[in-house]
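Here is work.txt, consisting of compact mmCIF, C-alpha atoms:
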```
# COMPACT_ATOMS: atom_id res chain seq x y z
CA MET H 18 -16.68 -50.47 -5.40
CA ALA H 19 -19.18 -52.08 -7.71
CA SER H 20 -18.06 -51.45 -11.25
CA ALA H 21 -20.25 -53.72 -13.38
CA VAL H 22 -23.98 -53.00 -13.64
CA PRO H 23 -25.69 -55.64 -11.49
CA GLU H 24 -28.37 -57.86 -13.00
CA SER H 25 -31.26 -59.66 -11.34
CA PRO H 26 -31.30 -63.48 -11.29
CA ARG H 27 -33.01 -65.22 -14.20
CA GLY H 28 -35.91 -66.45 -12.05
CA VAL H 29 -36.70 -62.93 -10.83
CA ARG H 30 -36.65 -61.62 -14.39
CA LEU H 31 -38.97 -64.36 -15.66
CA ALA H 32 -41.43 -63.84 -12.79
CA ALA H 33 -41.36 -60.06 -13.28
CA GLY H 34 -41.89 -60.48 -17.03
CA ALA H 35 -44.94 -62.69 -16.48
CA LEU H 36 -46.34 -60.30 -13.86
CA CYS H 37 -45.84 -57.25 -16.08
CA ALA H 38 -47.34 -58.98 -19.14
CA GLY H 39 -50.46 -59.90 -17.15
CA PHE H 40 -50.72 -56.39 -15.75
CA GLY H 41 -50.26 -54.99 -19.26
CA VAL H 42 -53.22 -57.01 -20.57
CA LEU H 43 -55.38 -55.65 -17.71
CA LEU H 44 -54.23 -52.08 -18.42
CA VAL H 45 -54.98 -52.33 -22.15
CA ARG H 46 -58.45 -53.73 -21.43
CA ALA H 47 -59.10 -50.92 -18.92
CA VAL H 48 -57.94 -48.23 -21.36
CA LEU H 49 -60.06 -49.63 -24.20
CA ALA H 50 -63.08 -49.97 -21.91
CA ILE H 51 -63.39 -46.19 -21.51
CA PRO H 52 -66.47 -45.25 -23.59
CA GLU H 53 -65.64 -43.65 -26.90
CA ASP H 54 -68.13 -40.79 -26.80
CA HIS H 55 -67.95 -39.61 -23.20
CA SER H 56 -67.55 -35.86 -22.80
CA GLY H 57 -65.67 -35.92 -19.49
CA LEU H 58 -65.97 -32.94 -17.21
CA ALA H 59 -65.20 -30.41 -19.96
CA PRO H 60 -68.82 -29.12 -20.21
CA VAL H 61 -69.05 -28.71 -16.43
CA VAL H 62 -65.78 -26.75 -16.37
CA ALA H 63 -66.89 -24.57 -19.32
CA GLU H 64 -70.21 -23.86 -17.62
CA ARG H 65 -68.62 -22.79 -14.30
CA LEU H 66 -65.57 -21.03 -15.80
CA VAL H 67 -67.11 -17.64 -15.05
CA ASP H 68 -67.03 -18.45 -11.31
CA SER H 69 -63.32 -19.24 -11.29
CA GLY H 70 -61.96 -15.72 -11.82
CA VAL H 71 -59.76 -16.77 -14.76
CA LYS H 72 -60.50 -17.47 -18.41
CA HIS H 73 -58.27 -20.48 -19.11
CA PRO H 74 -59.91 -23.82 -18.20
CA VAL H 75 -56.70 -25.59 -17.10
CA THR H 76 -55.74 -22.70 -14.80
CA ALA H 77 -59.32 -22.64 -13.48
CA VAL H 78 -59.12 -26.35 -12.62
CA LEU H 79 -55.63 -26.05 -11.07
CA LEU H 80 -56.10 -22.90 -9.01
CA ASN H 81 -59.81 -22.95 -8.22
CA PHE H 82 -61.91 -26.08 -8.91
CA ARG H 83 -59.20 -28.54 -7.87
CA SER H 84 -56.94 -26.19 -5.91
CA TYR H 85 -56.79 -28.81 -3.14
CA ASP H 86 -54.56 -30.87 -5.50
CA THR H 87 -52.37 -27.87 -6.17
CA LEU H 88 -52.06 -27.06 -2.46
CA LEU H 89 -50.84 -30.60 -1.75
CA GLU H 90 -48.63 -30.44 -4.86
CA ILE H 91 -46.66 -27.46 -3.57
CA ALA H 92 -46.52 -29.18 -0.17
CA VAL H 93 -44.90 -32.20 -1.86
CA LEU H 94 -42.36 -29.90 -3.56
CA VAL H 95 -41.47 -28.21 -0.25
CA LEU H 96 -41.17 -31.59 1.51
CA ALA H 97 -38.90 -32.93 -1.25
CA THR H 98 -36.70 -29.85 -0.90
CA ILE H 99 -36.45 -30.30 2.88
CA GLY H 100 -35.54 -33.95 2.24
CA VAL H 101 -32.89 -33.16 -0.37
CA LEU H 102 -31.33 -30.43 1.80
CA SER H 103 -31.23 -32.85 4.75
CA VAL H 104 -29.76 -35.77 2.81
CA ALA H 105 -27.15 -33.51 1.21
CA GLY H 106 -25.39 -33.15 4.58
CA SER H 107 -25.42 -30.78 7.51
CA HIS H 108 -23.72 -27.91 5.66
CA PRO H 109 -24.93 -28.08 2.09
CA ARG H 110 -23.25 -25.35 0.13
CA VAL H 111 -26.60 -24.05 -1.01
CA TRP H 112 -26.05 -21.84 -3.98
CA ALA H 113 -22.30 -21.79 -4.15
CA PRO H 114 -21.24 -21.68 -7.79
CA VAL H 115 -21.50 -25.21 -9.17
CA ALA H 116 -18.66 -24.65 -11.63
CA GLU H 117 -15.58 -23.07 -10.03
CA GLU H 118 -14.01 -22.03 -13.32
CA ALA H 119 -16.85 -21.39 -15.71
CA ASP H 120 -16.51 -20.92 -19.42
CA PRO H 121 -16.31 -17.14 -20.10
CA VAL H 122 -18.70 -17.49 -23.06
CA LEU H 123 -21.25 -19.28 -20.86
CA SER H 124 -20.88 -16.61 -18.16
CA ALA H 125 -21.51 -13.79 -20.62
CA LEU H 126 -24.45 -15.64 -22.20
CA ALA H 127 -26.03 -16.41 -18.81
CA ARG H 128 -25.71 -12.77 -17.79
CA LEU H 129 -27.48 -11.73 -21.00
CA LEU H 130 -30.20 -14.39 -20.79
CA ALA H 131 -31.10 -14.20 -17.08
CA PRO H 132 -33.09 -10.92 -17.22
CA PHE H 133 -35.03 -12.16 -20.24
CA MET H 134 -35.82 -15.41 -18.45
CA VAL H 135 -37.19 -13.46 -15.49
CA LEU H 136 -39.28 -11.42 -17.95
CA ALA H 137 -40.53 -14.58 -19.69
CA SER H 138 -41.43 -16.02 -16.28
CA GLY H 139 -43.51 -12.95 -15.46
CA TYR H 140 -45.23 -13.18 -18.83
CA LEU H 141 -46.06 -16.88 -18.36
CA LEU H 142 -47.50 -16.12 -14.91
CA TRP H 143 -49.77 -13.41 -16.34
CA ALA H 144 -50.68 -15.39 -19.48
CA GLY H 145 -51.93 -18.30 -17.33
CA GLU H 146 -55.11 -16.29 -16.74
CA HIS H 147 -56.34 -16.73 -20.33
CA ALA H 148 -53.84 -18.99 -22.15
CA PRO H 149 -51.56 -21.96 -21.42
CA GLY H 150 -49.15 -20.90 -18.68
CA GLY H 151 -49.38 -20.29 -14.95
CA ALA H 152 -47.38 -20.54 -11.76
CA PHE H 153 -45.61 -23.85 -12.40
CA GLN H 154 -44.47 -22.98 -15.92
CA ALA H 155 -43.34 -19.54 -14.74
CA GLY H 156 -41.53 -21.08 -11.77
CA ALA H 157 -39.77 -23.58 -14.04
CA VAL H 158 -38.38 -20.77 -16.21
CA LEU H 159 -37.33 -18.85 -13.08
CA GLY H 160 -35.61 -21.98 -11.72
CA ALA H 161 -33.88 -22.57 -15.06
CA ALA H 162 -32.49 -19.01 -14.90
CA GLY H 163 -31.05 -19.73 -11.45
CA VAL H 164 -29.56 -23.07 -12.55
CA LEU H 165 -27.99 -21.39 -15.59
CA LEU H 166 -26.42 -18.69 -13.40
CA ALA H 167 -25.05 -21.31 -10.99
CA LEU H 168 -23.58 -23.34 -13.87
CA ALA H 169 -22.02 -20.17 -15.27
CA GLY H 170 -20.12 -19.66 -12.02
CA TYR H 171 -22.23 -16.98 -10.37
CA ALA H 172 -22.43 -17.45 -6.61
CA ARG H 173 -25.41 -16.79 -4.35
CA PRO H 174 -25.74 -13.04 -3.79
CA ALA H 175 -24.68 -12.00 -0.27
CA TRP H 176 -28.14 -10.68 0.57
CA VAL H 177 -29.68 -14.13 0.08
CA THR H 178 -29.07 -15.73 3.47
CA LYS H 179 -29.71 -19.40 4.22
CA PHE H 180 -32.66 -18.42 6.40
CA GLY H 181 -33.95 -16.12 3.66
CA LEU H 182 -33.74 -18.90 1.10
CA ARG H 183 -35.73 -21.24 3.37
CA VAL H 184 -38.39 -18.53 3.81
CA VAL H 185 -38.65 -18.07 0.03
CA ILE H 186 -38.87 -21.86 -0.49
CA SER H 187 -41.86 -22.14 1.85
CA VAL H 188 -43.61 -18.79 1.26
CA GLY H 189 -45.72 -20.12 -1.66
CA PHE H 190 -47.16 -22.92 0.43
CA ILE H 191 -47.70 -20.65 3.44
CA VAL H 192 -49.55 -17.97 1.44
CA PHE H 193 -51.64 -20.64 -0.34
CA LEU H 194 -52.57 -22.31 2.97
CA ALA H 195 -53.33 -18.93 4.62
CA ILE H 196 -55.72 -18.00 1.78
CA ALA H 197 -57.25 -21.49 1.75
CA VAL H 198 -58.04 -21.22 5.47
CA GLY H 199 -58.76 -17.47 5.32
CA VAL H 200 -61.75 -17.85 3.00
CA MET H 201 -63.40 -19.99 5.67
CA PHE H 202 -63.81 -16.81 7.76
CA LEU H 203 -65.81 -15.32 4.86
CA GLY H 204 -68.38 -18.06 5.31
CA GLY H 205 -67.10 -20.57 2.77
CA VAL H 206 -65.47 -23.95 3.15
CA LEU H 207 -61.73 -24.64 2.75
CA LEU H 208 -60.48 -23.23 -0.58
CA GLU H 209 -63.92 -21.94 -1.62
CA TYR H 210 -63.03 -18.55 -3.10
CA PRO H 211 -65.81 -15.91 -3.09
CA ARG H 212 -66.67 -15.16 -6.70
CA ASP H 213 -65.86 -11.43 -6.52
CA TYR H 214 -62.37 -12.01 -5.11
CA ALA H 215 -61.53 -15.19 -7.02
CA LYS H 216 -59.34 -13.53 -9.65
CA ALA H 217 -57.32 -11.51 -7.11
CA LEU H 218 -56.85 -14.52 -4.80
CA VAL H 219 -55.80 -16.82 -7.66
CA LEU H 220 -53.29 -14.22 -8.85
CA ILE H 221 -51.82 -13.68 -5.35
CA VAL H 222 -51.43 -17.44 -4.86
CA GLU H 223 -49.87 -17.87 -8.31
CA THR H 224 -47.36 -15.04 -7.83
CA TRP H 225 -46.03 -16.44 -4.54
CA LEU H 226 -46.07 -19.97 -5.94
CA THR H 227 -43.89 -18.81 -8.85
CA VAL H 228 -41.29 -17.28 -6.52
CA SER H 229 -41.25 -20.40 -4.32
CA ILE H 230 -41.07 -22.87 -7.20
CA GLY H 231 -38.16 -20.98 -8.76
CA ALA H 232 -36.23 -21.06 -5.46
CA ILE H 233 -37.14 -24.73 -4.88
CA LEU H 234 -35.91 -25.87 -8.30
CA VAL H 235 -32.62 -23.98 -7.94
CA SER H 236 -32.10 -25.40 -4.42
CA LEU H 237 -32.90 -28.97 -5.54
CA PHE H 238 -30.34 -28.70 -8.33
CA ILE H 239 -27.54 -27.04 -6.39
CA ALA H 240 -27.92 -29.05 -3.18
CA SER H 241 -27.28 -32.27 -5.10
CA ALA H 242 -24.78 -30.92 -7.62
CA SER H 243 -21.63 -31.10 -5.48
CA PRO H 244 -19.03 -33.83 -6.20
CA ILE H 245 -19.30 -37.10 -4.25
CA GLU H 246 -16.03 -36.40 -2.37
CA GLU H 247 -17.52 -33.21 -0.98
CA LEU H 248 -20.67 -35.04 0.12
CA ARG H 249 -18.48 -37.60 1.91
CA ALA H 250 -16.49 -34.87 3.64
CA ARG H 251 -19.69 -33.12 4.75
CA THR H 252 -21.45 -36.19 6.07
CA GLY H 253 -18.34 -37.94 7.40
CA SER H 254 -19.23 -41.11 5.50
CA GLY H 255 -17.49 -43.44 3.10
CA ARG H 256 -13.96 -44.72 3.29
CA MET K 30 -59.35 -48.16 -32.72
CA SER K 31 -59.35 -44.39 -32.80
CA GLN K 32 -56.45 -41.97 -32.88
CA THR K 33 -56.53 -41.41 -29.12
CA ASP K 34 -56.28 -45.17 -28.56
CA VAL K 35 -52.79 -45.06 -30.06
CA TYR K 36 -51.71 -42.64 -27.33
CA THR K 37 -53.43 -44.41 -24.46
CA LEU K 38 -52.14 -47.84 -25.54
CA ALA K 39 -48.60 -46.47 -25.98
CA GLY K 40 -48.89 -45.02 -22.48
CA ALA K 41 -49.98 -48.37 -21.07
CA ALA K 42 -47.06 -50.08 -22.88
CA LEU K 43 -44.54 -47.56 -21.48
CA PHE K 44 -45.95 -48.16 -17.98
CA VAL K 45 -45.57 -51.94 -18.22
CA ILE K 46 -42.07 -51.81 -19.79
CA SER K 47 -40.80 -49.49 -17.06
CA LEU K 48 -42.51 -51.58 -14.36
CA TYR K 49 -40.42 -54.53 -15.58
CA GLY K 50 -37.29 -52.35 -15.48
CA LEU K 51 -38.13 -51.10 -12.00
CA ILE K 52 -38.37 -54.66 -10.65
CA THR K 53 -35.43 -56.28 -12.44
CA ARG K 54 -32.76 -53.55 -12.43
CA PRO K 55 -31.02 -53.32 -9.06
CA HIS K 56 -29.04 -50.18 -9.94
CA LEU K 57 -30.74 -47.19 -8.29
CA ILE K 58 -30.29 -44.83 -11.25
CA HIS K 59 -32.01 -47.44 -13.47
CA LYS K 60 -34.88 -47.64 -10.96
CA ILE K 61 -35.26 -43.83 -10.89
CA LEU K 62 -35.24 -43.71 -14.71
CA ALA K 63 -37.87 -46.48 -14.78
CA LEU K 64 -40.07 -44.50 -12.38
CA ASN K 65 -39.79 -41.46 -14.65
CA ILE K 66 -40.74 -43.41 -17.78
CA MET K 67 -43.62 -44.91 -15.82
CA SER K 68 -44.94 -41.43 -15.04
CA GLY K 69 -44.49 -40.54 -18.71
CA GLY K 70 -46.73 -43.48 -19.60
CA VAL K 71 -49.42 -42.35 -17.16
CA PHE K 72 -49.28 -38.80 -18.56
CA LEU K 73 -49.63 -40.15 -22.11
CA VAL K 74 -52.78 -42.05 -21.07
CA PHE K 75 -54.23 -38.87 -19.55
CA VAL K 76 -53.39 -36.77 -22.61
CA GLY K 77 -55.08 -39.39 -24.80
CA ILE K 78 -58.19 -39.47 -22.58
CA ALA K 79 -58.37 -35.64 -22.63
CA ARG K 80 -58.76 -35.78 -26.43
CA ARG K 81 -61.71 -38.20 -26.37
CA VAL K 82 -64.27 -35.48 -25.66
CA MET K 83 -66.82 -34.29 -28.19
CA THR K 84 -66.06 -30.60 -27.55
CA PRO K 85 -63.50 -28.88 -29.85
CA ASP K 86 -61.11 -28.15 -26.95
CA PRO K 87 -59.62 -31.04 -24.97
CA ASP K 88 -60.92 -31.84 -21.48
CA PRO K 89 -59.04 -29.50 -19.09
CA LEU K 90 -59.29 -31.85 -16.10
CA PRO K 91 -56.82 -34.53 -17.28
CA HIS K 92 -54.50 -31.71 -18.39
CA ALA K 93 -54.50 -30.26 -14.88
CA MET K 94 -53.87 -33.75 -13.45
CA VAL K 95 -50.87 -34.22 -15.77
CA LEU K 96 -49.46 -30.84 -14.68
CA THR K 97 -49.83 -31.88 -11.04
CA GLY K 98 -48.25 -35.24 -11.85
CA ILE K 99 -45.23 -33.65 -13.52
CA VAL K 100 -44.51 -31.59 -10.41
CA VAL K 101 -44.86 -34.63 -8.14
CA THR K 102 -42.54 -36.59 -10.47
CA VAL K 103 -39.95 -33.79 -10.33
CA SER K 104 -40.14 -33.79 -6.52
CA SER K 105 -39.82 -37.54 -6.14
CA THR K 106 -37.02 -37.73 -8.72
CA ALA K 107 -35.01 -35.01 -6.98
CA TYR K 108 -35.41 -36.68 -3.59
CA ALA K 109 -34.66 -40.15 -5.00
CA LEU K 110 -31.50 -38.87 -6.71
CA ALA K 111 -30.31 -37.23 -3.49
CA LEU K 112 -30.95 -40.49 -1.59
CA ALA K 113 -29.19 -42.56 -4.27
CA LYS K 114 -26.19 -40.26 -4.14
CA ARG K 115 -26.05 -40.49 -0.35
CA ILE K 116 -26.29 -44.30 -0.50
CA TYR K 117 -23.43 -44.35 -3.02
CA SER K 118 -21.43 -42.04 -0.80
CA GLU K 119 -22.01 -44.27 2.27
CA THR K 120 -21.56 -47.70 0.72
CA GLY K 121 -19.67 -47.23 -2.55
CA ALA K 122 -22.45 -48.92 -4.53
CA ALA K 123 -25.70 -47.52 -5.90
CA VAL K 124 -27.81 -50.57 -5.03
CA LEU K 125 -30.27 -51.15 -2.20
CA ASP K 126 -29.02 -54.54 -0.97
CA ALA K 127 -25.37 -53.59 -0.44
CA PRO K 128 -24.28 -55.42 2.72
CA ASP K 129 -23.41 -52.40 4.86
CA VAL K 130 -26.15 -49.91 4.04
CA PHE K 131 -27.43 -50.26 7.59
CA GLU K 132 -24.07 -51.32 9.01
CA ARG K 133 -25.34 -54.80 9.86
CA PRO K 134 -22.85 -57.42 8.78
CA GLU K 135 -25.43 -60.23 9.02
CA ALA K 136 -27.84 -58.51 6.59
CA GLY K 137 -25.83 -59.56 3.58
CA GLY K 138 -27.32 -59.51 0.10
CA ASP K 139 -26.70 -62.15 -2.54
```

Rendering of file as C-alpha cells:
Amino acid sequence: MASAVPESPRGVRLAAGALCAGFGVLLVRAVLAIPEDHSGLAPVVAERLVDSGVKHPVTAVLLNFRSYDTLLEIAVLVLATIGVLSVAGSHPRVWAPVAEEADPVLSALARLLAPFMVLASGYLLWAGEHAPGGAFQAGAVLGAAGVLLALAGYARPAWVTKFGLRVVISVGFIVFLAIAVGVMFLGGVLLEYPRDYAKALVLIVETWLTVSIGAILVSLFIASASPIEELRARTGSGR
Amino acid sequence: MSQTDVYTLAGAALFVISLYGLITRPHLIHKILALNIMSGGVFLVFVGIARRVMTPDPDPLPHAMVLTGIVVTVSSTAYALALAKRIYSETGAAVLDAPDVFERPEAGGD
C-alpha cells in the first residue's frame, strides 16, 4: 500500500518545467498572433441560419452545420460508457442504490425534485431551438436527476433491465447515425439535412440524444461508485 | 492587450501549468485532475476567441466546439477514473509504474 503521495525525481521536474515554459511562450505568441479584428465564421453562420431549421446559432452549428462533430461526440460518450462498464467488473451492480441507508431528508427531497428536473430537462431540450440549451444540457439535468435518486437510496426500477439500459445508452447514437445515413437516400451527402425537414430531423435527433445522455451519465456514475472492496470481489483481484 | 487577451492568456497559462502537473505527478488522480484543468484552459482560449468578433453576438462556432469539448472531457474523465480505480484495486497503488501492474516481476519501477 502506497500511503505517501509519490513525487517525481528532481531532474524530471526541472526538465518538465523547462519544456512547459518553452511551450508556454509558443502558446502565448500563437494566441496573441490571432488578428484583432477578424470576424470568424459568425457572419457565415448568421447568413445560413435559415437553412438549419433552428433559430439559435450554437444549436445550428452543433446539430446541423457541424453535426459530424456531434455524431462523433455521442460515439465517444457511448464508447466511454462501454469502457467504464467493462472495467467495473463482469457484474457491475448497474443502478443499485449507491447509499444503502440514505438520509430520510435527502430521500424526501430527491423525490420532490426529480419530477421538476425531468421537466427542466424537457424545457432545456425545447429551448435549444431558439436560446441557449439543447440535447447535452437537457441530458445533463436528466443524468443529475438519476444520480440524485441513486444517492438518495432509490434502486433501479424493476422494469429497467440491464439489456434495456444498454439499448437506451446507445439509442441516441443509433438514431443519429440512421438519420445521418438516411438523408443520403434523399439525394444529399452524409448529414446533409433537406431544408424542409431540417427542424424535424434536428428535434428527433436531440430528443433521443437527451434520453441517451441522461442514461449514460447515470451509468457512468453508478458503475464506478461502488466501494473498492466490492470491485475487488467482482473482479477477483487484489490481495 | 484587449479584454479578450486576458482570457486567452489565462487559458494558455492554465494549459501550461497543468501540463507540468501531468508530467511530474505520478499519482493517477493528480494526472486526471491535470487533464481536466488542461481542458479548462483550452475552453477559456476558445471562449476568449469567440468574443473577438465585430458582431454584437459572440462567434457561435467556438462555443459549439467548447460544448463538444466538455462532453469529450467528461467521457475521458469517467473512463480514466474507472481505469485508475481498477489499477488501485489490482495493485494497491494508484500509480502507473507499480511493479506488478502487468504481473511481471522484472518490470520494476524506481

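Proximity of H:Val184, H:Leu194, H:Ala172, H:Leu234 to chain K, computed with all atoms listed in the file, is greatest for H:Leu234.
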
Residues of chain K within 6 Å of chain H: nearest atom pair and distance (Å, one decimal) for each, counting all atoms listed in the file, sorted by chain and number, as a tab-separated table?
```
residue	atom	partner	partner_atom	distance
K:Val45	CA	H:Gly41	CA	5.7
K:Thr53	CA	H:Ser25	CA	5.5
K:Val82	CA	H:Ser56	CA	4.4
K:Met83	CA	H:Ser56	CA	5.7
K:Asp88	CA	H:Ala59	CA	4.8
K:Pro89	CA	H:Val75	CA	5.0
K:Ala93	CA	H:Val75	CA	5.6
K:Ser104	CA	H:Leu94	CA	5.4
K:Tyr108	CA	H:Val101	CA	5.4
K:Ala111	CA	H:Val101	CA	5.7
K:Ser118	CA	H:Gly255	CA	5.7
K:Glu119	CA	H:Gly255	CA	4.7
K:Gly121	CA	H:Met18	CA	5.2
K:Ala122	CA	H:Ala19	CA	5.5
```

For Met94 (chain K), the nearest of the candidates H:Trp143, H:Gly156, H:Ser84, H:Glu209, counting all atoms listed in the file: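 Closest candidate: H:Ser84.
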
Separation of CA of Ala109 (chain K) from CA of Arg54 (chain K), in Å and rounded to one decimal: 15.4 Å

Separation of CA of Thr33 (chain K) from CA of Leu51 (chain K) in Å: 26.9 Å

Between CA of Ser47 (chain K) and CA of Met67 (chain K), distance in Å (one decimal):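 Interatomic distance, CA of Ser47 (chain K) to CA of Met67 (chain K): 5.5 Å.
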
Neighbour list for Ala215 (chain H) as a PyMOL selection string, cut-off 10 Å, only C-alpha atoms, skip fewer than 5 positions in-chain: chain H and resi 68-71+80-81+209-210+220-221

Nearby residues, (-38.3, -44.7, -23.8) file frame, 12 Å, only C-alpha atoms, as a PyMOL selection string: chain K and resi 39-40+42-47+50+62-70
